[in-house]
$ cat final_16.cif   # mmCIF, C-alpha atoms
data_target
#
loop_
_atom_site.label_atom_id
_atom_site.label_comp_id
_atom_site.auth_asym_id
_atom_site.auth_seq_id
_atom_site.Cartn_x
_atom_site.Cartn_y
_atom_site.Cartn_z
CA MET X 1 0.00 0.00 0.00
CA LYS X 2 2.83 2.41 0.77
CA HIS X 3 4.15 1.88 -2.75
CA PHE X 4 0.72 2.68 -4.19
CA ILE X 5 0.45 5.91 -2.21
CA LEU X 6 3.84 7.14 -3.37
CA VAL X 7 3.07 6.31 -7.00
CA LEU X 8 -0.28 8.08 -6.79
CA LEU X 9 1.35 11.18 -5.37
CA ALA X 10 3.99 11.16 -8.06
CA THR X 11 1.59 10.83 -10.97
CA GLY X 12 -1.51 12.69 -9.90
CA LEU X 13 -0.85 15.32 -7.27
CA MET X 14 1.79 17.74 -6.09
CA ALA X 15 4.27 15.36 -4.52
CA CYS X 16 6.42 12.31 -5.08
CA THR X 17 8.66 10.08 -3.02
CA PRO X 18 10.29 12.27 -0.32
CA ASP X 19 13.61 13.59 -1.51
CA GLY X 20 16.66 12.29 0.25
CA GLY X 21 18.91 15.08 -0.91
CA SER X 22 20.75 17.81 0.92
CA ASP X 23 19.39 20.84 2.70
CA ALA X 24 20.72 23.10 -0.06
CA SER X 25 19.09 26.46 -0.55
CA ALA X 26 17.63 27.61 -3.85
CA ASN X 27 20.61 29.92 -4.29
CA ARG X 28 22.82 26.84 -4.76
CA LEU X 29 20.60 25.47 -7.52
CA ALA X 30 22.57 23.93 -10.38
CA PRO X 31 20.39 21.20 -11.90
CA GLN X 32 22.33 21.09 -15.16
CA GLU X 33 25.38 19.99 -13.18
CA ALA X 34 23.51 17.30 -11.27
CA VAL X 35 21.76 15.54 -14.13
CA ARG X 36 23.30 13.54 -16.93
CA ALA X 37 21.09 14.72 -19.76
CA ALA X 38 21.30 13.80 -23.40
CA PRO X 39 23.10 16.48 -25.44
CA LYS X 40 19.90 17.67 -27.09
CA GLN X 41 18.36 18.24 -23.66
CA ALA X 42 21.27 20.23 -22.27
CA ASP X 43 20.07 23.58 -23.64
CA ALA X 44 16.57 22.97 -22.30
CA ILE X 45 17.93 22.17 -18.83
CA ARG X 46 20.11 25.28 -18.86
CA ARG X 47 17.06 27.35 -19.75
CA PHE X 48 15.11 25.73 -16.94
CA SER X 49 17.95 26.48 -14.54
CA ALA X 50 18.00 30.16 -15.51
CA VAL X 51 14.25 30.50 -14.95
CA ALA X 52 14.49 28.61 -11.67
CA ARG X 53 17.17 30.93 -10.34
CA ARG X 54 15.01 33.92 -11.16
CA MET X 55 11.88 32.37 -9.68
CA ALA X 56 13.38 30.98 -6.46
CA PRO X 57 13.75 34.25 -4.50
CA VAL X 58 10.30 35.41 -5.58
CA ALA X 59 8.72 32.13 -4.49
CA GLU X 60 10.59 32.35 -1.18
CA ALA X 61 9.35 35.91 -0.62
CA ALA X 62 5.78 34.83 -1.37
CA CYS X 63 6.17 31.95 1.08
CA ARG X 64 7.49 34.16 3.88
CA ALA X 65 4.72 36.70 3.31
CA ARG X 66 1.87 34.20 3.24
CA ALA X 67 3.15 31.36 5.41
CA PRO X 68 5.69 32.89 7.83
CA ARG X 69 5.96 29.70 9.88
CA ALA X 70 6.74 27.54 6.87
CA LYS X 71 10.19 26.52 5.68
CA CYS X 72 10.62 28.68 2.61
CA GLY X 73 14.08 27.89 1.23
CA PHE X 74 13.07 26.15 -2.00
CA THR X 75 15.36 23.65 -3.68
CA ILE X 76 14.52 23.46 -7.38
CA THR X 77 15.97 20.56 -9.28
CA VAL X 78 15.64 18.12 -12.17
CA ASP X 79 14.39 14.57 -11.71
CA GLY X 80 17.39 12.35 -12.45
CA ASP X 81 15.37 9.66 -14.24
CA PRO X 82 15.42 10.44 -17.98
CA GLU X 83 12.52 8.03 -18.52
CA ALA X 84 10.20 9.61 -15.94
CA ALA X 85 6.92 10.82 -17.44
CA SER X 86 6.37 14.50 -18.16
CA ASN X 87 5.62 15.92 -14.72
CA ALA X 88 6.50 18.47 -12.07
CA TYR X 89 5.97 17.89 -8.38
CA GLN X 90 6.45 19.44 -4.98
CA THR X 91 7.83 17.40 -2.11
CA GLU X 92 10.08 17.86 0.92
CA ASN X 93 13.57 16.69 1.77
CA ARG X 94 14.53 14.97 5.01
CA ALA X 95 14.84 18.30 6.78
CA GLY X 96 11.28 19.17 5.80
CA ARG X 97 12.34 21.87 3.34
CA PRO X 98 10.40 22.27 0.08
CA VAL X 99 11.70 20.66 -3.09
CA ILE X 100 10.32 21.28 -6.58
CA ALA X 101 11.35 18.86 -9.31
CA PHE X 102 10.75 18.82 -13.05
CA THR X 103 11.22 15.66 -15.05
CA GLN X 104 13.50 15.89 -18.06
CA LYS X 105 10.62 15.10 -20.40
CA LEU X 106 8.62 18.06 -19.11
CA ILE X 107 11.61 20.38 -19.49
CA ALA X 108 11.95 19.26 -23.11
CA GLU X 109 8.21 19.70 -23.67
CA VAL X 110 7.62 23.26 -22.42
CA ARG X 111 7.77 25.87 -25.17
CA ASN X 112 9.01 28.98 -23.39
CA ASP X 113 10.27 30.47 -20.14
CA HIS X 114 6.77 31.63 -19.18
CA GLU X 115 5.49 28.06 -19.09
CA ILE X 116 8.43 26.99 -16.92
CA ALA X 117 7.79 29.92 -14.56
CA PHE X 118 4.06 29.26 -14.32
CA ILE X 119 4.55 25.57 -13.53
CA LEU X 120 7.25 26.39 -10.98
CA GLY X 121 4.96 28.95 -9.38
CA HIS X 122 2.16 26.41 -9.24
CA GLU X 123 4.34 23.86 -7.42
CA ALA X 124 5.68 26.50 -5.02
CA ALA X 125 2.10 27.52 -4.28
CA HIS X 126 1.24 23.98 -3.18
CA HIS X 127 3.89 24.29 -0.47
CA ILE X 128 2.90 27.80 0.55
CA LYS X 129 -0.75 26.75 0.84
CA GLY X 130 0.16 23.65 2.88
CA HIS X 131 -1.49 21.24 0.47
CA LEU X 132 0.98 18.36 0.71
CA PRO X 133 0.40 17.23 4.32
CA VAL X 134 -3.38 17.49 4.01
CA THR X 135 -3.41 15.47 0.80
CA THR X 136 -0.97 12.86 2.07
CA ASP X 137 -2.92 12.27 5.29
CA ALA X 138 -6.19 11.91 3.41
CA LEU X 139 -4.67 9.56 0.84
CA ILE X 140 -3.20 7.30 3.49
CA THR X 141 -6.40 7.20 5.51
CA GLY X 142 -8.57 6.53 2.47
CA ALA X 143 -6.22 3.86 1.13
CA ILE X 144 -6.11 2.05 4.46
CA GLU X 145 -9.88 2.09 4.77
CA GLY X 146 -10.34 0.81 1.22
CA GLU X 147 -7.80 -1.96 1.75
CA LEU X 148 -9.32 -3.04 5.06
CA MET X 149 -12.83 -3.24 3.64
CA ALA X 150 -11.68 -5.28 0.66
CA THR X 151 -9.70 -7.60 2.92
CA ILE X 152 -12.65 -8.12 5.26
CA GLU X 153 -14.81 -8.94 2.24
CA GLY X 154 -12.30 -11.62 1.21
CA LYS X 155 -11.20 -9.98 -2.06
CA ASP X 156 -8.13 -11.23 -3.88
CA ALA X 157 -4.84 -9.30 -3.89
CA LYS X 158 -5.60 -7.45 -7.13
CA ALA X 159 -8.99 -6.32 -5.87
CA VAL X 160 -7.48 -5.21 -2.57
CA ARG X 161 -4.94 -3.04 -4.39
CA ARG X 162 -7.70 -1.51 -6.48
CA ALA X 163 -9.83 -0.83 -3.41
CA SER X 164 -6.86 0.86 -1.78
CA ALA X 165 -6.35 3.08 -4.83
CA VAL X 166 -10.02 4.00 -5.10
CA GLY X 167 -10.21 4.65 -1.36
CA GLY X 168 -7.32 7.09 -1.56
CA LEU X 169 -8.81 8.92 -4.53
CA ARG X 170 -12.22 9.16 -2.91
CA ALA X 171 -10.67 10.61 0.22
CA ILE X 172 -9.13 13.54 -1.65
CA SER X 173 -11.82 14.05 -4.29
CA GLY X 174 -13.59 16.63 -2.16
CA PHE X 175 -10.71 19.08 -2.11
CA SER X 176 -7.98 18.15 -4.59
CA LYS X 177 -9.46 20.13 -7.48
CA GLU X 178 -9.83 23.17 -5.26
CA PHE X 179 -6.19 22.81 -4.23
CA GLU X 180 -5.11 22.77 -7.88
CA LEU X 181 -7.04 25.95 -8.64
CA GLU X 182 -5.58 27.64 -5.56
CA ALA X 183 -2.09 26.70 -6.72
CA ASP X 184 -2.82 27.97 -10.23
CA VAL X 185 -3.90 31.38 -8.94
CA LEU X 186 -1.05 31.86 -6.48
CA GLY X 187 1.42 30.35 -8.95
CA ALA X 188 0.34 32.89 -11.55
CA ARG X 189 1.01 35.68 -9.05
CA ILE X 190 4.49 34.35 -8.26
CA ALA X 191 5.36 34.06 -11.96
CA PHE X 192 4.01 37.57 -12.59
CA ASP X 193 6.06 39.03 -9.74
CA ALA X 194 9.17 37.38 -11.20
CA GLY X 195 8.57 39.17 -14.49
CA TYR X 196 6.91 36.40 -16.50
CA ASP X 197 3.53 36.39 -18.23
CA PRO X 198 1.30 33.82 -16.50
CA LEU X 199 -1.24 33.93 -19.33
CA VAL X 200 1.43 32.80 -21.77
CA GLY X 201 2.58 30.24 -19.21
CA ALA X 202 -0.90 28.86 -18.62
CA ALA X 203 -1.21 28.18 -22.34
CA TYR X 204 0.46 24.89 -21.42
CA PHE X 205 -2.98 23.71 -20.29
CA ARG X 206 -4.12 23.74 -23.92
CA ARG X 207 -1.66 20.94 -24.68
CA MET X 208 -2.19 18.92 -21.52
CA LYS X 209 -4.47 15.90 -21.53
CA ASP X 210 -7.76 17.19 -20.18
CA PRO X 211 -8.97 15.27 -17.10
CA GLY X 212 -12.48 16.53 -17.78
CA ASN X 213 -14.71 16.57 -14.74
CA LYS X 214 -14.56 12.91 -13.71
CA VAL X 215 -15.67 11.98 -10.22
CA LEU X 216 -12.29 10.65 -9.07
CA SER X 217 -10.13 13.05 -11.06
CA THR X 218 -7.64 14.93 -8.89
CA HIS X 219 -7.40 17.89 -11.29
CA PRO X 220 -10.13 20.22 -12.62
CA PRO X 221 -10.85 20.59 -16.35
CA ASN X 222 -8.19 22.55 -18.22
CA ALA X 223 -10.71 25.18 -19.34
CA GLN X 224 -11.60 25.88 -15.71
CA ARG X 225 -7.93 26.28 -14.82
CA LEU X 226 -7.33 28.69 -17.70
CA ALA X 227 -10.36 30.72 -16.68
CA ALA X 228 -9.13 30.90 -13.07
CA VAL X 229 -5.73 32.18 -14.20
CA ARG X 230 -7.26 34.76 -16.54
CA HIS X 231 -9.52 36.01 -13.75
CA ALA X 232 -6.62 36.23 -11.32
CA VAL X 233 -4.31 38.04 -13.72
CA ALA X 234 -7.01 40.62 -14.46
CA GLY X 235 -6.72 41.69 -10.84
CA PHE X 236 -2.93 41.99 -10.69
#
$ encode --input "final_16.cif" --output "structure tokens"
Amino acid sequence: MKHFILVLLATGLMACTPDGGSDASANRLAPQEAVRAAPKQADAIRRFSAVARRMAPVAEAACRARAPRAKCGFTITVDGDPEAASNAYQTENRAGRPVIAFTQKLIAEVRNDHEIAFILGHEAAHHIKGHLPVTTDALITGAIEGELMATIEGKDAKAVRRASAVGGLRAISGFSKEFELEADVLGARIAFDAGYDPLVGAAYFRRMKDPGNKVLSTHPPNAQRLAAVRHAVAGF
């Protein structure tokens, strides 16, 4: 079950397996030096690094202003697995400090600096808003309950795993979409304050697979996310 929870976080929400890295501050960010990327990806990673350096102090300032008790020294890095699916996620290292990671496939996929900045701002916003611990607790509780019920009913191992997965998703379905919209709005503000155009950045949603409005979807429809960003930017 623990493996399921970590996979679900990595693929559907704002977090992945807790990072075991150092307590480095965002000012020591150098992802292009830490990742062995293919030559054709090197330029993309350098571009990501430049945007990350510019975004990091702005995200930290937003964190300190809105969540003064939180640990706000962001570490921004590149997922070392070149085969990892296109994704960005927010997690914490062993010291409890926030880590934002982009997979190499996502870095190669984004079309401009504004998209990188918007996605970075979105992940930083998850930390600032305190979404990770709430989501993790609910996932674990829901998964345990689903697994226990299936076990009591005498289901086979495959059915138990499915019940655990569904239980976790049901547990977060009441708030996960709201969390994503909150992160979009605050992320847009962070990107804007760093000098990027969040409307250009949010255009990434037009190329993302649309989750629609399914009952157990953890993300809202892309059109709703674009509308939320447009509404927020109009007030900046």
$ residues_around --input "final_16.cif" --residues "segment 98-101 of chain X" --least-positions-apart "6" --cutoff "9 Å" --atoms "all atoms listed in the file" --output "PyMOL selection string"
chain X and resi 15+18-19+71-79+87-92+120+123-124+127
$ residues_around --input "final_16.cif" --residues "segment 135-147 of chain X" --least-positions-apart "6" --cutoff "8 Å" --atoms "only C-alpha atoms" --output "PyMOL selection string"
chain X and resi 1+5+9+160-161+163-172+176
$ residues_around --input "final_16.cif" --residues "His122 of chain X" --least-positions-apart "5" --cutoff "7 Å" --atoms "all atoms listed in the file" --output "MDAnalysis selection string"
chainID X and resid 183:184 186:187
$ atom_distance --input "final_16.cif" --atom1 "atom CA of Val185 of chain X" --atom2 "atom CA of Val229 of chain X"
5.6 Å
$ closest_residue --input "final_16.cif" --among "X:Ala70, X:Val134, X:Ala85, X:Ala194" --to "Gln104 of chain X" --atoms "only C-alpha atoms"
X:Ala85
$ residues_near_point --input "final_16.cif" --point "(15.9, 20.0, -17.0)" --cutoff "8 Å" --atoms "all atoms listed in the file" --output "JSON, numbers by chain"
{"X": [31, 32, 35, 37, 41, 42, 44, 45, 46, 47, 48, 49, 77, 78, 79, 102, 103, 104, 105, 106, 107, 108]}
$ closest_residue --input "final_16.cif" --among "X:Arg230, X:Asp156, X:Gly201, X:Glu60" --to "Arg97 of chain X" --atoms "all atoms listed in the file"
X:Glu60
$ resolve_selection --input "final_16.cif" --expression "the PyMOL selection byres ((chain X and resi 117) around 9)" --output "PDB file with C-alpha atoms, in the frame of the given file"
ATOM      1  CA  PHE X  48      15.110  25.730 -16.940  1.00  0.00           C
ATOM      2  CA  VAL X  51      14.250  30.500 -14.950  1.00  0.00           C
ATOM      3  CA  ALA X  52      14.490  28.610 -11.670  1.00  0.00           C
ATOM      4  CA  ARG X  54      15.010  33.920 -11.160  1.00  0.00           C
ATOM      5  CA  MET X  55      11.880  32.370  -9.680  1.00  0.00           C
ATOM      6  CA  ASN X 112       9.010  28.980 -23.390  1.00  0.00           C
ATOM      7  CA  ASP X 113      10.270  30.470 -20.140  1.00  0.00           C
ATOM      8  CA  HIS X 114       6.770  31.630 -19.180  1.00  0.00           C
ATOM      9  CA  GLU X 115       5.490  28.060 -19.090  1.00  0.00           C
ATOM     10  CA  ILE X 116       8.430  26.990 -16.920  1.00  0.00           C
ATOM     11  CA  PHE X 118       4.060  29.260 -14.320  1.00  0.00           C
ATOM     12  CA  ILE X 119       4.550  25.570 -13.530  1.00  0.00           C
ATOM     13  CA  LEU X 120       7.250  26.390 -10.980  1.00  0.00           C
ATOM     14  CA  GLY X 121       4.960  28.950  -9.380  1.00  0.00           C
ATOM     15  CA  HIS X 122       2.160  26.410  -9.240  1.00  0.00           C
ATOM     16  CA  GLY X 187       1.420  30.350  -8.950  1.00  0.00           C
ATOM     17  CA  ALA X 188       0.340  32.890 -11.550  1.00  0.00           C
ATOM     18  CA  ILE X 190       4.490  34.350  -8.260  1.00  0.00           C
ATOM     19  CA  ALA X 191       5.360  34.060 -11.960  1.00  0.00           C
ATOM     20  CA  PHE X 192       4.010  37.570 -12.590  1.00  0.00           C
ATOM     21  CA  ALA X 194       9.170  37.380 -11.200  1.00  0.00           C
ATOM     22  CA  TYR X 196       6.910  36.400 -16.500  1.00  0.00           C
ATOM     23  CA  ASP X 197       3.530  36.390 -18.230  1.00  0.00           C
ATOM     24  CA  PRO X 198       1.300  33.820 -16.500  1.00  0.00           C
ATOM     25  CA  GLY X 201       2.580  30.240 -19.210  1.00  0.00           C
TER      26      GLY X 201
END
$ atom_distance --input "final_16.cif" --atom1 "atom CA of Glu178 of chain X" --atom2 "atom CA of Ala65 of chain X"
21.6 Å
$ decode --input "final_16.cif" --residues "segment 88-136 of chain X" --atoms "N, CA and C atoms" --output "compact mmCIF listing (two decimals), in the first residue's frame"
# COMPACT_ATOMS: atom_id res chain seq x y z
N ALA X 88 5.83 17.65 -13.07
CA ALA X 88 6.50 18.47 -12.07
C ALA X 88 5.83 18.18 -10.74
N TYR X 89 6.56 18.21 -9.66
CA TYR X 89 5.97 17.89 -8.38
C TYR X 89 6.68 18.62 -7.25
N GLN X 90 5.92 18.81 -6.19
CA GLN X 90 6.45 19.44 -4.98
C GLN X 90 6.52 18.40 -3.89
N THR X 91 7.65 18.33 -3.21
CA THR X 91 7.83 17.40 -2.11
C THR X 91 8.69 18.08 -1.05
N GLU X 92 9.22 17.31 -0.13
CA GLU X 92 10.08 17.86 0.92
C GLU X 92 11.29 16.95 1.08
N ASN X 93 12.42 17.53 1.49
CA ASN X 93 13.57 16.69 1.77
C ASN X 93 13.52 16.23 3.23
N ARG X 94 14.55 15.56 3.66
CA ARG X 94 14.53 14.97 5.01
C ARG X 94 14.46 16.01 6.11
N ALA X 95 14.89 17.22 5.79
CA ALA X 95 14.84 18.30 6.78
C ALA X 95 13.49 19.01 6.75
N GLY X 96 12.59 18.56 5.89
CA GLY X 96 11.28 19.17 5.80
C GLY X 96 11.24 20.42 4.95
N ARG X 97 12.31 20.68 4.20
CA ARG X 97 12.34 21.87 3.34
C ARG X 97 11.74 21.54 1.97
N PRO X 98 11.11 22.53 1.34
CA PRO X 98 10.40 22.27 0.08
C PRO X 98 11.34 22.01 -1.08
N VAL X 99 10.97 21.03 -1.88
CA VAL X 99 11.70 20.66 -3.09
C VAL X 99 10.72 20.68 -4.26
N ILE X 100 11.11 21.31 -5.35
CA ILE X 100 10.32 21.28 -6.58
C ILE X 100 11.16 20.60 -7.64
N ALA X 101 10.61 19.60 -8.28
CA ALA X 101 11.35 18.86 -9.31
C ALA X 101 10.57 18.83 -10.61
N PHE X 102 11.30 18.99 -11.70
CA PHE X 102 10.75 18.82 -13.05
C PHE X 102 11.40 17.58 -13.65
N THR X 103 10.61 16.77 -14.33
CA THR X 103 11.22 15.66 -15.05
C THR X 103 11.84 16.20 -16.34
N GLN X 104 12.81 15.45 -16.85
CA GLN X 104 13.50 15.89 -18.06
C GLN X 104 12.57 15.95 -19.26
N LYS X 105 11.57 15.08 -19.29
CA LYS X 105 10.62 15.10 -20.40
C LYS X 105 9.76 16.36 -20.36
N LEU X 106 9.39 16.83 -19.19
CA LEU X 106 8.62 18.06 -19.11
C LEU X 106 9.47 19.26 -19.55
N ILE X 107 10.72 19.28 -19.12
CA ILE X 107 11.61 20.38 -19.49
C ILE X 107 11.76 20.44 -21.02
N ALA X 108 11.83 19.28 -21.65
CA ALA X 108 11.95 19.26 -23.11
C ALA X 108 10.64 19.64 -23.79
N GLU X 109 9.53 19.50 -23.08
CA GLU X 109 8.21 19.70 -23.67
C GLU X 109 7.74 21.15 -23.61
N VAL X 110 8.09 21.88 -22.55
CA VAL X 110 7.62 23.26 -22.42
C VAL X 110 8.17 24.10 -23.57
N ARG X 111 7.42 25.12 -23.97
CA ARG X 111 7.77 25.87 -25.17
C ARG X 111 8.47 27.21 -24.90
N ASN X 112 8.39 27.68 -23.68
CA ASN X 112 9.01 28.98 -23.39
C ASN X 112 9.23 29.15 -21.89
N ASP X 113 9.94 30.21 -21.54
CA ASP X 113 10.27 30.47 -20.14
C ASP X 113 9.02 30.74 -19.31
N HIS X 114 8.00 31.31 -19.92
CA HIS X 114 6.77 31.63 -19.18
C HIS X 114 6.07 30.37 -18.71
N GLU X 115 6.09 29.32 -19.52
CA GLU X 115 5.49 28.06 -19.09
C GLU X 115 6.28 27.45 -17.95
N ILE X 116 7.61 27.50 -18.02
CA ILE X 116 8.43 26.99 -16.92
C ILE X 116 8.10 27.75 -15.65
N ALA X 117 8.04 29.08 -15.74
CA ALA X 117 7.79 29.92 -14.56
C ALA X 117 6.41 29.65 -13.97
N PHE X 118 5.41 29.50 -14.83
CA PHE X 118 4.06 29.26 -14.32
C PHE X 118 3.99 27.92 -13.59
N ILE X 119 4.58 26.89 -14.18
CA ILE X 119 4.55 25.57 -13.53
C ILE X 119 5.33 25.60 -12.22
N LEU X 120 6.48 26.26 -12.23
CA LEU X 120 7.25 26.39 -10.98
C LEU X 120 6.44 27.12 -9.92
N GLY X 121 5.78 28.21 -10.33
CA GLY X 121 4.96 28.95 -9.38
C GLY X 121 3.84 28.11 -8.81
N HIS X 122 3.23 27.30 -9.67
CA HIS X 122 2.16 26.41 -9.24
C HIS X 122 2.66 25.44 -8.17
N GLU X 123 3.81 24.82 -8.40
CA GLU X 123 4.34 23.86 -7.42
C GLU X 123 4.74 24.55 -6.13
N ALA X 124 5.33 25.75 -6.23
CA ALA X 124 5.68 26.50 -5.02
C ALA X 124 4.43 26.84 -4.23
N ALA X 125 3.35 27.16 -4.94
CA ALA X 125 2.10 27.52 -4.28
C ALA X 125 1.53 26.36 -3.47
N HIS X 126 1.70 25.14 -3.96
CA HIS X 126 1.24 23.98 -3.18
C HIS X 126 1.90 23.97 -1.80
N HIS X 127 3.20 24.26 -1.76
CA HIS X 127 3.89 24.29 -0.47
C HIS X 127 3.40 25.45 0.39
N ILE X 128 3.31 26.61 -0.21
CA ILE X 128 2.90 27.80 0.55
C ILE X 128 1.50 27.62 1.14
N LYS X 129 0.63 26.97 0.39
CA LYS X 129 -0.75 26.75 0.84
C LYS X 129 -0.87 25.56 1.80
N GLY X 130 0.20 24.80 1.97
CA GLY X 130 0.16 23.65 2.88
C GLY X 130 -0.65 22.48 2.37
N HIS X 131 -0.66 22.30 1.05
CA HIS X 131 -1.49 21.24 0.47
C HIS X 131 -0.94 19.84 0.68
N LEU X 132 0.37 19.70 0.67
CA LEU X 132 0.98 18.36 0.71
C LEU X 132 0.59 17.55 1.94
N PRO X 133 0.75 18.06 3.17
CA PRO X 133 0.40 17.23 4.32
C PRO X 133 -1.07 16.86 4.39
N VAL X 134 -1.94 17.79 3.99
CA VAL X 134 -3.38 17.49 4.01
C VAL X 134 -3.70 16.37 3.04
N THR X 135 -3.15 16.48 1.84
CA THR X 135 -3.41 15.47 0.80
C THR X 135 -2.83 14.12 1.18
N THR X 136 -1.62 14.12 1.70
CA THR X 136 -0.97 12.86 2.07
C THR X 136 -1.74 12.14 3.17
